[in-house]
Amino acid sequence: MNERQPGMSLVVQTVTRWLKGFIFLYGVYVILYGHLSPGGGFAGGVIVASTFILLTLSFGRERALGKLGKLMASELDSFGALLFLLIAVLGTAIGGTFFLNFIEKNWPTGNFHLFSAGIIPLCNIAIGIKVAASLFMIFIILAVIRVQEVRGKRKLITTEKRRKER
Amino acid sequence: MIYAMCFLLFLIGLYGATCKKNIVKIILGLVIMEYAVNLFLILLGWRTNGQAPIMSQQTDLPAFTATAVDPIPQALVLTSIVIGLGILSLMVAIAIRLYERYGTFDITEMRRLKG
Amino acid sequence: MGNVILLIALPLAMAFFIPMVGRKVRWLPDVLANITTLGLFVLAGQSWGREGIYTMGGWPAPLGIVLVLDGLSALLLFIINLISFLATLFSVDYLEKLYTSKLRYYSLFLLMVAGMNGAVLTGDFFNLFVFLEIASIASYALVGFGCEAEELEASFKYLVIGSIASTFILLGVALLYGRFATLNMADVASALQHHGFDQVSLFALVLLVVGFCTKAALVPFHAWLPDAHPSAPAPISAMLSGVLIKAIGIYALVRLVYNVFGISPLLASLFTYLGVISMMAGVLLALGQWDFKRLLAYHSISQMGYVILGFGLATPLGLLGGLFHLLNHSLFKSLLFFDSGSVEYETGTRNLEKMGNLVQKMPVTSGSSLMASLSISGIPPFNGFWSKLVIILAAVQAQRPGLALWAVAGSILTLASFSKIQRYAFWGQGKDFDAKLWEGWKEVPVLMRVPLLVLAVLCLGSGLALWHGLKGLFGPAISVLTDGPTAYIAKVLGR
């Protein structure tokens, strides 16, 4: 084998190219409908993250990291958690109690609409962002990045680079 | 009976986590233990021919409470799955780092800490 | 009462906020983390002496999650946030020299603080498990923070034993839910009084006690502690030894036994046996150590033995001794770990045989360590003496003079092992002492000296000042424990 192509065979790549959008959209659907049907932030976030993991597996690291960089994923990870906390603290600010469902208390809506259940869909979105970003980070860190001593200093390098050095 | 099976699974996991020498097997043992507890929790909420615990304004309350399954164990299991995911990823990360340092997964060969 | 939620929300928010903004500016993580922990300390001081129930999301007690603030949790909150503030202050220069990636360090540190604050405040079993896991996972990662082989090994050992303990706790909680269909602690206590104590609740109690004892590192379950505590960075060792084993181990155990199940003679004698065994085994194992921090870690086991012995006596005087020693231990043990951190910062080693004559080079460090050593060995007028005295008096008063004798013996052995530290590291010299290296050593930076001085003054001052106001200070916490489940149910559920 000379000059191995990053990623898997043509069949996998083609199928991934067709499917990735649908998987992503399905994840978003699960996040948005979490308050009406089984699903929610965690399950949807895992599905969204699996899109990126599938991209990494079939096209190699560069392609997936081009879509969602490592720094970006880390920022989104923090952002999701902060958004979730912000919603919880807004309950304190508006209604006086942490995690109060202030939208439902102040502007009640009927059941089984897309925007029912007050803050729960918003929480689901925040959790979805957090879970998707952090799962992708976990996968990238476990699969691609290694710690190595370079002249006494610790550095994060990728496996491909290390393979070349050997 | 089915609860006893859960405890059996728990004990299998405990055996794997405590008696095995390979790091990967220890991790698998811990995961089995955790899932045995999750299974036990979800079985607590089990009800034959139960319905999903989603209420609307039109729901008939007595009929609902007679058939709906208990939603709390489901929430608990979801939370404990998330925690389990965190622990598992941390364990795997440490196992990978350990393999880089020692070149083996055998814990009997990692003996720098004694006393 | 509304401020209580900030004790959990603020560190969580900052834990995620610091990695977002701290990448660009080098000094920002230090400043933000220190401001946060200072704010937490002020908040904890405000909640001192107050009582109340906080309902999350406005759901009342048996339905939703409640936070319960009473004397016991206020005491623990004070300890946690005091030590965490001093630890962040100490971290600034310490991490600069010895470790990389302050962002992740502070993020994990604040997560751990949030977990401990939550675990101390919550009135719900599953919520307790969740907060306990947040604190534990952060501490697993912090133990292995240096990524050296020994640190990873210690972290993995801690991780495996800790998660087995957590799984035991989860199974215990699941069994309680299956039996009583409620997760609220007060509701479980009321159901226990109503239905009586049966085999399922006995099994759950055993699982929970084993789980919490493992988290508290009492002797049959202590194997992880002597590896994990020395491997962490020194401020984290101080947090783990000074606070974590108390907040998620001793506190949870005591709350479970005293306020949910109610103390019985069997449980009380179990506590006293665990206490005596931990006390003696910890100190005997410590005598042979040559690693500074490892010696201190074994002493944590031993001192936790004193605390749990005080709780096991189950008299008001014994409880007073236990709580007082809990506070004192967090003061002098974190001071000792800070000292070991300063020594490691300058000398680059933790081996006592390579140190020597530090008293001439590092007066603040050696002075504060001398005070802490005298305090932990129970020499008057330091605080350790008073709390050990109270425990011994309580044992005599409860007509268990044997226990008092063991406590005195443990104290003498503690003195022996700490004179070893003083002899080799500070006043004399070890076997492999190198005079050339010694020339280059100097006192640590100012920011690292401040926590040392503050804690040294507290060690001396609290012993003298608290002696008069002991009842007033620990009275609320003791009455929470002596009143038992009935008062707790009345407080949380209002019936």
# chains A, B, ... in the order shown; residues from 1 in each chain; ligands from 1
call {"tool": "interface_residues", "arguments": {"of": "chain C", "to": "chain B", "cutoff": "9 Å", "atoms": "only C-alpha atoms", "output": "ChimeraX atom specification"}}
result
/C:126,130,133-134,137,140-141,144,147-150,152-156,159-161,163-164,167-168,170-171,174-175,177-178,226-227,285,288-289
call {"tool": "write_last_selection", "arguments": {"atoms": "C-alpha atoms", "output": "tab-separated table (two decimals), in the first residue's frame"}}
result
chain	number	residue	atom	x	y	z
C	126	PHE	CA	-30.39	10.58	44.33
C	130	VAL	CA	-25.23	12.93	41.66
C	133	GLU	CA	-20.26	11.74	41.63
C	134	ILE	CA	-19.54	15.26	40.34
C	137	ILE	CA	-15.12	12.46	39.00
C	140	TYR	CA	-10.28	11.34	39.92
C	141	ALA	CA	-9.17	13.60	37.11
C	144	GLY	CA	-4.04	12.04	37.68
C	147	CYS	CA	-0.03	12.44	33.77
C	148	GLU	CA	3.10	10.76	35.22
C	149	ALA	CA	3.08	6.99	35.51
C	150	GLU	CA	2.60	6.91	39.29
C	152	LEU	CA	-2.04	7.69	36.51
C	153	GLU	CA	-1.70	4.47	38.43
C	154	ALA	CA	-2.98	6.09	41.62
C	155	SER	CA	-5.78	7.75	39.71
C	156	PHE	CA	-6.86	4.46	38.15
C	159	LEU	CA	-11.20	5.50	40.08
C	160	VAL	CA	-11.92	1.77	40.27
C	161	ILE	CA	-12.44	1.68	44.04
C	163	SER	CA	-16.75	3.81	41.25
C	164	ILE	CA	-17.37	0.48	42.96
C	167	THR	CA	-22.29	1.77	42.40
C	168	PHE	CA	-22.93	0.39	45.89
C	170	LEU	CA	-26.61	3.79	43.76
C	171	LEU	CA	-27.84	0.25	44.43
C	174	ALA	CA	-32.43	2.08	44.24
C	175	LEU	CA	-33.38	-0.42	46.95
C	177	TYR	CA	-36.72	3.72	46.27
C	178	GLY	CA	-38.07	0.27	45.52
C	226	PRO	CA	-2.43	6.62	50.53
C	227	ASP	CA	-1.88	6.41	46.77
C	285	LEU	CA	1.36	2.52	58.73
C	288	GLY	CA	7.34	3.73	58.33
C	289	GLN	CA	6.84	6.21	55.48
call {"tool": "closest_atom_pairs", "arguments": {"of": "chain A", "to": "chain C", "cutoff": "12 Å", "atoms": "only C-alpha atoms", "output": "tab-separated table"}}
result
residue	atom	partner	partner_atom	distance
A:Leu71	CA	C:Met20	CA	9.5
A:Met72	CA	C:Met20	CA	10.0
A:Ala73	CA	C:Met20	CA	10.9
A:Ser74	CA	C:Met20	CA	8.0
A:Glu75	CA	C:Met20	CA	5.7
A:Leu76	CA	C:Met20	CA	8.9
A:Asp77	CA	C:Phe16	CA	8.3
A:Ser78	CA	C:Phe16	CA	4.9
A:Phe79	CA	C:Phe16	CA	7.6
A:Gly80	CA	C:Phe16	CA	9.2
A:Ala81	CA	C:Phe16	CA	6.8
A:Leu82	CA	C:Ala13	CA	6.1
A:Leu83	CA	C:Ala13	CA	9.5
A:Phe84	CA	C:Ala13	CA	9.6
A:Leu85	CA	C:Ala13	CA	6.8
A:Leu86	CA	C:Ala13	CA	8.6
A:Ile87	CA	C:Gly57	CA	11.5
A:Ala88	CA	C:Gly57	CA	8.6
A:Val89	CA	C:Ala9	CA	8.0
A:Leu90	CA	C:Gly57	CA	11.2
A:Gly91	CA	C:Gly57	CA	7.7
A:Thr92	CA	C:Gly2	CA	8.6
A:Ala93	CA	C:Gly2	CA	10.8
A:Ile94	CA	C:Gly57	CA	11.8
A:Gly95	CA	C:Gly58	CA	8.9
A:Gly96	CA	C:Gly2	CA	8.2
A:Thr97	CA	C:Gly57	CA	5.7
A:Phe98	CA	C:Met56	CA	5.4
A:Phe99	CA	C:Gly57	CA	4.4
A:Leu100	CA	C:Gly57	CA	3.8
A:Asn101	CA	C:Gly57	CA	6.6
A:Phe102	CA	C:Gly57	CA	9.0
A:Glu104	CA	C:Gly57	CA	11.7
A:Lys105	CA	C:Gly58	CA	10.6
A:Ile119	CA	C:Gly57	CA	11.2
A:Ile120	CA	C:Gly57	CA	11.9
A:Lys130	CA	C:Phe16	CA	10.9
A:Arg146	CA	C:Cys147	CA	11.5
A:Val147	CA	C:Cys147	CA	8.7
A:Gln148	CA	C:Cys147	CA	10.3
A:Glu149	CA	C:Glu148	CA	10.7
A:Lys153	CA	C:Thr100	CA	9.5
A:Arg154	CA	C:Thr100	CA	8.5
A:Lys155	CA	C:Thr100	CA	10.1
A:Leu156	CA	C:Ser101	CA	11.7
call {"tool": "residues_around", "arguments": {"residues": "Pro121 (chain A)", "least_positions_apart": "5", "cutoff": "12 Å", "atoms": "only C-alpha atoms", "output": "list of chain:residue names"}}
result
A:Val28, A:Tyr29, A:Val30, A:Ile31, A:Leu32, A:Tyr33, A:Gly34, A:His35, A:Leu36, A:Ser37, A:Gly39, A:Gly40, A:Gly41, A:Phe84, A:Ile87, A:Asn101, A:Ile103, A:Glu104, A:His113, A:Leu114, A:Phe115, A:Ser116, A:Ala126, A:Ile127, A:Gly128
call {"tool": "write_last_selection", "arguments": {"atoms": "C-alpha atoms", "output": "compact mmCIF listing (two decimals), in the first residue's frame"}}
result
# COMPACT_ATOMS: atom_id res chain seq x y z
CA VAL A 28 -32.04 17.88 15.96
CA TYR A 29 -35.58 16.48 15.71
CA VAL A 30 -35.06 14.33 18.80
CA ILE A 31 -33.73 17.32 20.72
CA LEU A 32 -36.62 19.61 19.71
CA TYR A 33 -39.37 17.07 20.37
CA GLY A 34 -37.90 15.83 23.63
CA HIS A 35 -40.65 17.36 25.75
CA LEU A 36 -43.44 15.70 23.77
CA SER A 37 -42.09 12.28 22.99
CA GLY A 39 -35.96 11.54 23.48
CA GLY A 40 -34.56 14.83 24.62
CA GLY A 41 -31.28 16.63 24.96
CA PHE A 84 -28.49 25.52 30.88
CA ILE A 87 -32.08 29.18 32.18
CA ASN A 101 -40.49 26.86 34.96
CA ILE A 103 -42.39 30.54 31.03
CA GLU A 104 -45.09 28.03 31.88
CA HIS A 113 -47.65 22.13 20.82
CA LEU A 114 -44.09 22.52 19.72
CA PHE A 115 -43.60 25.37 22.17
CA SER A 116 -45.38 23.95 25.16
CA ALA A 126 -28.79 23.54 25.87
CA ILE A 127 -28.19 19.93 26.91
CA GLY A 128 -28.16 18.86 23.27
call {"tool": "residues_around", "arguments": {"residues": "Arg63 (chain A)", "least_positions_apart": "2", "cutoff": "12 Å", "atoms": "only C-alpha atoms", "output": "PyMOL selection string"}}
result
chain A and resi 6-7+13+17+52-61+65-69
call {"tool": "write_last_selection", "arguments": {"atoms": "N, CA, C and O atoms", "output": "mmCIF file, in the first residue's frame"}}
result
data_model
loop_
_atom_site.group_PDB
_atom_site.id
_atom_site.type_symbol
_atom_site.label_atom_id
_atom_site.label_comp_id
_atom_site.auth_asym_id
_atom_site.auth_seq_id
_atom_site.Cartn_x
_atom_site.Cartn_y
_atom_site.Cartn_z
ATOM 1 N N PRO A 6 -6.680 8.797 3.709
ATOM 2 C CA PRO A 6 -7.274 8.817 5.044
ATOM 3 C C PRO A 6 -8.722 8.349 4.995
ATOM 4 O O PRO A 6 -9.440 8.633 4.040
ATOM 5 N N GLY A 7 -9.126 7.590 6.015
ATOM 6 C CA GLY A 7 -10.509 7.157 6.079
ATOM 7 C C GLY A 7 -10.730 5.799 5.464
ATOM 8 O O GLY A 7 -9.791 5.048 5.196
ATOM 9 N N GLN A 13 -17.635 5.914 2.268
ATOM 10 C CA GLN A 13 -17.624 7.368 2.102
ATOM 11 C C GLN A 13 -18.876 7.854 1.395
ATOM 12 O O GLN A 13 -19.469 8.858 1.779
ATOM 13 N N ARG A 17 -21.779 10.228 2.909
ATOM 14 C CA ARG A 17 -22.102 11.518 2.300
ATOM 15 C C ARG A 17 -23.610 11.676 2.156
ATOM 16 O O ARG A 17 -24.161 12.737 2.355
ATOM 17 N N PHE A 52 -20.715 13.446 13.537
ATOM 18 C CA PHE A 52 -19.315 13.861 13.427
ATOM 19 C C PHE A 52 -18.373 12.681 13.593
ATOM 20 O O PHE A 52 -17.336 12.604 12.942
ATOM 21 N N ILE A 53 -18.764 11.744 14.481
ATOM 22 C CA ILE A 53 -17.913 10.567 14.664
ATOM 23 C C ILE A 53 -17.878 9.752 13.379
ATOM 24 O O ILE A 53 -16.826 9.266 12.950
ATOM 25 N N LEU A 54 -19.052 9.631 12.715
ATOM 26 C CA LEU A 54 -19.117 8.903 11.444
ATOM 27 C C LEU A 54 -18.232 9.579 10.402
ATOM 28 O O LEU A 54 -17.497 8.915 9.663
ATOM 29 N N LEU A 55 -18.265 10.922 10.382
ATOM 30 C CA LEU A 55 -17.411 11.663 9.441
ATOM 31 C C LEU A 55 -15.940 11.366 9.716
ATOM 32 O O LEU A 55 -15.164 11.144 8.784
ATOM 33 N N THR A 56 -15.576 11.384 11.011
ATOM 34 C CA THR A 56 -14.179 11.118 11.349
ATOM 35 C C THR A 56 -13.775 9.728 10.890
ATOM 36 O O THR A 56 -12.692 9.525 10.333
ATOM 37 N N LEU A 57 -14.665 8.755 11.131
ATOM 38 C CA LEU A 57 -14.302 7.377 10.798
ATOM 39 C C LEU A 57 -14.159 7.189 9.302
ATOM 40 O O LEU A 57 -13.248 6.526 8.831
ATOM 41 N N SER A 58 -15.062 7.801 8.518
ATOM 42 C CA SER A 58 -15.043 7.480 7.095
ATOM 43 C C SER A 58 -14.131 8.409 6.296
ATOM 44 O O SER A 58 -13.553 7.978 5.309
ATOM 45 N N PHE A 59 -13.980 9.653 6.696
ATOM 46 C CA PHE A 59 -13.160 10.562 5.893
ATOM 47 C C PHE A 59 -11.834 10.927 6.542
ATOM 48 O O PHE A 59 -11.048 11.651 5.966
ATOM 49 N N GLY A 60 -11.650 10.511 7.778
ATOM 50 C CA GLY A 60 -10.404 10.904 8.432
ATOM 51 C C GLY A 60 -10.618 12.141 9.284
ATOM 52 O O GLY A 60 -11.646 12.800 9.212
ATOM 53 N N ARG A 61 -9.575 12.445 10.029
ATOM 54 C CA ARG A 61 -9.698 13.464 11.059
ATOM 55 C C ARG A 61 -9.892 14.864 10.488
ATOM 56 O O ARG A 61 -10.695 15.642 10.972
ATOM 57 N N LEU A 65 -12.756 17.603 11.656
ATOM 58 C CA LEU A 65 -12.312 18.751 12.439
ATOM 59 C C LEU A 65 -12.492 20.047 11.663
ATOM 60 O O LEU A 65 -12.596 21.122 12.227
ATOM 61 N N GLY A 66 -12.503 19.932 10.293
ATOM 62 C CA GLY A 66 -12.796 21.109 9.490
ATOM 63 C C GLY A 66 -14.219 21.586 9.700
ATOM 64 O O GLY A 66 -14.499 22.781 9.690
ATOM 65 N N LYS A 67 -15.138 20.618 9.894
ATOM 66 C CA LYS A 67 -16.541 20.998 10.122
ATOM 67 C C LYS A 67 -16.743 21.555 11.532
ATOM 68 O O LYS A 67 -17.513 22.470 11.753
ATOM 69 N N LEU A 68 -16.081 20.933 12.518
ATOM 70 C CA LEU A 68 -16.251 21.369 13.906
ATOM 71 C C LEU A 68 -14.900 21.261 14.589
ATOM 72 O O LEU A 68 -14.457 20.181 14.937
ATOM 73 N N GLY A 69 -14.226 22.403 14.708
ATOM 74 C CA GLY A 69 -12.864 22.381 15.238
ATOM 75 C C GLY A 69 -12.818 21.984 16.697
ATOM 76 O O GLY A 69 -13.827 22.004 17.391
#
call {"tool": "residues_around", "arguments": {"residues": "Leu89 (chain C)", "least_positions_apart": "4", "cutoff": "7 Å", "atoms": "only C-alpha atoms", "output": "ChimeraX atom specification"}}
result
/C:34,85,447-448
call {"tool": "residues_around", "arguments": {"residues": "Val200 (chain C)", "least_positions_apart": "4", "cutoff": "8 Å", "atoms": "only C-alpha atoms", "output": "PyMOL selection string"}}
result
chain C and resi 175-176+179+204
call {"tool": "write_last_selection", "arguments": {"atoms": "all heavy atoms", "output": "compact mmCIF listing (two decimals), in the first residue's frame"}}
result
# COMPACT_ATOMS: atom_id res chain seq x y z
N LEU C 175 -32.63 0.46 46.05
CA LEU C 175 -33.38 -0.42 46.95
C LEU C 175 -34.32 0.39 47.83
O LEU C 175 -35.47 0.00 48.05
CB LEU C 175 -32.42 -1.21 47.82
CG LEU C 175 -31.79 -2.42 47.16
CD1 LEU C 175 -30.66 -2.94 48.00
CD2 LEU C 175 -32.83 -3.49 46.94
N LEU C 176 -33.83 1.53 48.34
CA LEU C 176 -34.69 2.37 49.17
C LEU C 176 -35.88 2.87 48.37
O LEU C 176 -37.00 2.92 48.87
CB LEU C 176 -33.90 3.55 49.73
CG LEU C 176 -33.02 3.28 50.94
CD1 LEU C 176 -32.34 4.56 51.37
CD2 LEU C 176 -33.85 2.74 52.08
N ARG C 179 -38.36 0.15 47.93
CA ARG C 179 -39.09 -0.21 49.14
C ARG C 179 -40.10 0.86 49.53
O ARG C 179 -41.23 0.56 49.87
CB ARG C 179 -38.07 -0.44 50.27
CG ARG C 179 -38.66 -0.76 51.62
CD ARG C 179 -39.29 -2.15 51.62
NE ARG C 179 -39.94 -2.43 52.89
CZ ARG C 179 -41.17 -2.00 53.19
NH1 ARG C 179 -41.83 -1.28 52.33
NH2 ARG C 179 -41.71 -2.31 54.35
N ALA C 204 -30.13 -2.14 52.14
CA ALA C 204 -29.81 -0.81 51.61
C ALA C 204 -28.86 -0.08 52.54
O ALA C 204 -27.90 0.55 52.10
CB ALA C 204 -31.09 0.00 51.41
call {"tool": "select_by_dssp", "arguments": {"residues": "region 9-68 of chain A", "states": "alpha helix (DSSP H)", "output": "VMD selection string"}}
result
chain A and resid 10 to 32 41 to 59 61 to 67
call {"tool": "residues_around", "arguments": {"residues": "Thr182 (chain C)", "least_positions_apart": "6", "cutoff": "9 Å", "atoms": "only C-alpha atoms", "output": "PyMOL selection string"}}
result
chain C and resi 62-63+176+188+191
call {"tool": "write_last_selection", "arguments": {"atoms": "N, CA and C atoms", "output": "short mmCIF file (atom, residue, chain, number, x, y, z; two decimals), in the first residue's frame"}}
result
data_model
loop_
_atom_site.label_atom_id
_atom_site.label_comp_id
_atom_site.auth_asym_id
_atom_site.auth_seq_id
_atom_site.Cartn_x
_atom_site.Cartn_y
_atom_site.Cartn_z
N PRO C 62 -41.76 16.48 49.39
CA PRO C 62 -41.58 15.09 48.97
C PRO C 62 -41.56 14.93 47.46
N LEU C 63 -42.10 15.93 46.72
CA LEU C 63 -42.19 15.78 45.26
C LEU C 63 -40.89 16.18 44.58
N LEU C 176 -33.83 1.53 48.34
CA LEU C 176 -34.69 2.37 49.17
C LEU C 176 -35.88 2.87 48.37
N VAL C 188 -38.06 9.24 53.44
CA VAL C 188 -37.59 7.88 53.71
C VAL C 188 -37.56 7.63 55.21
N ALA C 191 -41.05 7.16 56.40
CA ALA C 191 -41.56 5.84 56.00
C ALA C 191 -40.93 4.75 56.85
#
call {"tool": "atom_distance", "arguments": {"atom1": "CA of Phe221 (chain C)", "atom2": "CA of Leu207 (chain C)"}}
result
13.1 Å
call {"tool": "closest_residue", "arguments": {"among": "C:Leu240, C:Leu287, C:Val209, C:Leu352", "to": "Ile421 (chain C)", "atoms": "only C-alpha atoms"}}
result
C:Leu352
call {"tool": "select_by_dssp", "arguments": {"residues": "chain B", "states": "strand (DSSP E or B)", "output": "list of chain:residue names"}}
result
B:Asn22, B:Gln51, B:Ala68, B:Asp106
call {"tool": "write_last_selection", "arguments": {"atoms": "all heavy atoms", "output": "PDB file, in the first residue's frame"}}
result
ATOM      1  N   ASN B  22      -6.452  -7.618  34.054  1.00  0.00           N
ATOM      2  CA  ASN B  22      -6.328  -6.773  32.870  1.00  0.00           C
ATOM      3  C   ASN B  22      -7.182  -5.514  33.022  1.00  0.00           C
ATOM      4  O   ASN B  22      -8.339  -5.584  33.431  1.00  0.00           O
ATOM      5  CB  ASN B  22      -6.799  -7.591  31.662  1.00  0.00           C
ATOM      6  CG  ASN B  22      -6.483  -6.919  30.371  1.00  0.00           C
ATOM      7  OD1 ASN B  22      -6.643  -5.700  30.244  1.00  0.00           O
ATOM      8  ND2 ASN B  22      -6.033  -7.666  29.405  1.00  0.00           N
ATOM      9  N   GLN B  51     -48.479   2.110  30.100  1.00  0.00           N
ATOM     10  CA  GLN B  51     -48.402   3.098  29.028  1.00  0.00           C
ATOM     11  C   GLN B  51     -47.387   4.178  29.403  1.00  0.00           C
ATOM     12  O   GLN B  51     -47.025   4.307  30.571  1.00  0.00           O
ATOM     13  CB  GLN B  51     -49.763   3.717  28.758  1.00  0.00           C
ATOM     14  CG  GLN B  51     -50.216   4.658  29.873  1.00  0.00           C
ATOM     15  CD  GLN B  51     -51.510   5.344  29.513  1.00  0.00           C
ATOM     16  OE1 GLN B  51     -52.505   4.706  29.238  1.00  0.00           O
ATOM     17  NE2 GLN B  51     -51.499   6.663  29.520  1.00  0.00           N
ATOM     18  N   ALA B  68     -50.255   3.881  33.878  1.00  0.00           N
ATOM     19  CA  ALA B  68     -48.969   4.490  33.508  1.00  0.00           C
ATOM     20  C   ALA B  68     -47.834   3.881  34.308  1.00  0.00           C
ATOM     21  O   ALA B  68     -48.004   3.504  35.480  1.00  0.00           O
ATOM     22  CB  ALA B  68     -49.013   5.996  33.750  1.00  0.00           C
ATOM     23  N   ASP B 106      -1.578  -5.072  31.968  1.00  0.00           N
ATOM     24  CA  ASP B 106      -1.615  -5.966  33.122  1.00  0.00           C
ATOM     25  C   ASP B 106      -1.306  -5.168  34.386  1.00  0.00           C
ATOM     26  O   ASP B 106      -0.235  -4.579  34.509  1.00  0.00           O
ATOM     27  CB  ASP B 106      -0.577  -7.070  32.914  1.00  0.00           C
ATOM     28  CG  ASP B 106      -0.735  -8.156  33.940  1.00  0.00           C
ATOM     29  OD1 ASP B 106      -1.468  -7.918  34.913  1.00  0.00           O
ATOM     30  OD2 ASP B 106      -0.137  -9.220  33.769  1.00  0.00           O
TER      31      ASP B 106
END
call {"tool": "closest_residue", "arguments": {"among": "C:Phe332, C:Tyr105, C:Phe180, C:Phe385", "to": "Ile412 (chain C)", "atoms": "only C-alpha atoms"}}
result
C:Phe385
call {"tool": "closest_residue", "arguments": {"among": "B:Val24, B:Gly16, B:Arg47, B:Pro53", "to": "chain A", "atoms": "only C-alpha atoms"}}
result
B:Pro53
call {"tool": "closest_residue", "arguments": {"among": "A:Val15, A:Ile125, A:Leu135, A:Ile47", "to": "chain B", "atoms": "only C-alpha atoms"}}
result
A:Leu135
call {"tool": "closest_residue", "arguments": {"among": "A:Leu25, A:Val131, A:Ala49, A:Leu19", "to": "chain B", "atoms": "only C-alpha atoms"}}
result
A:Val131
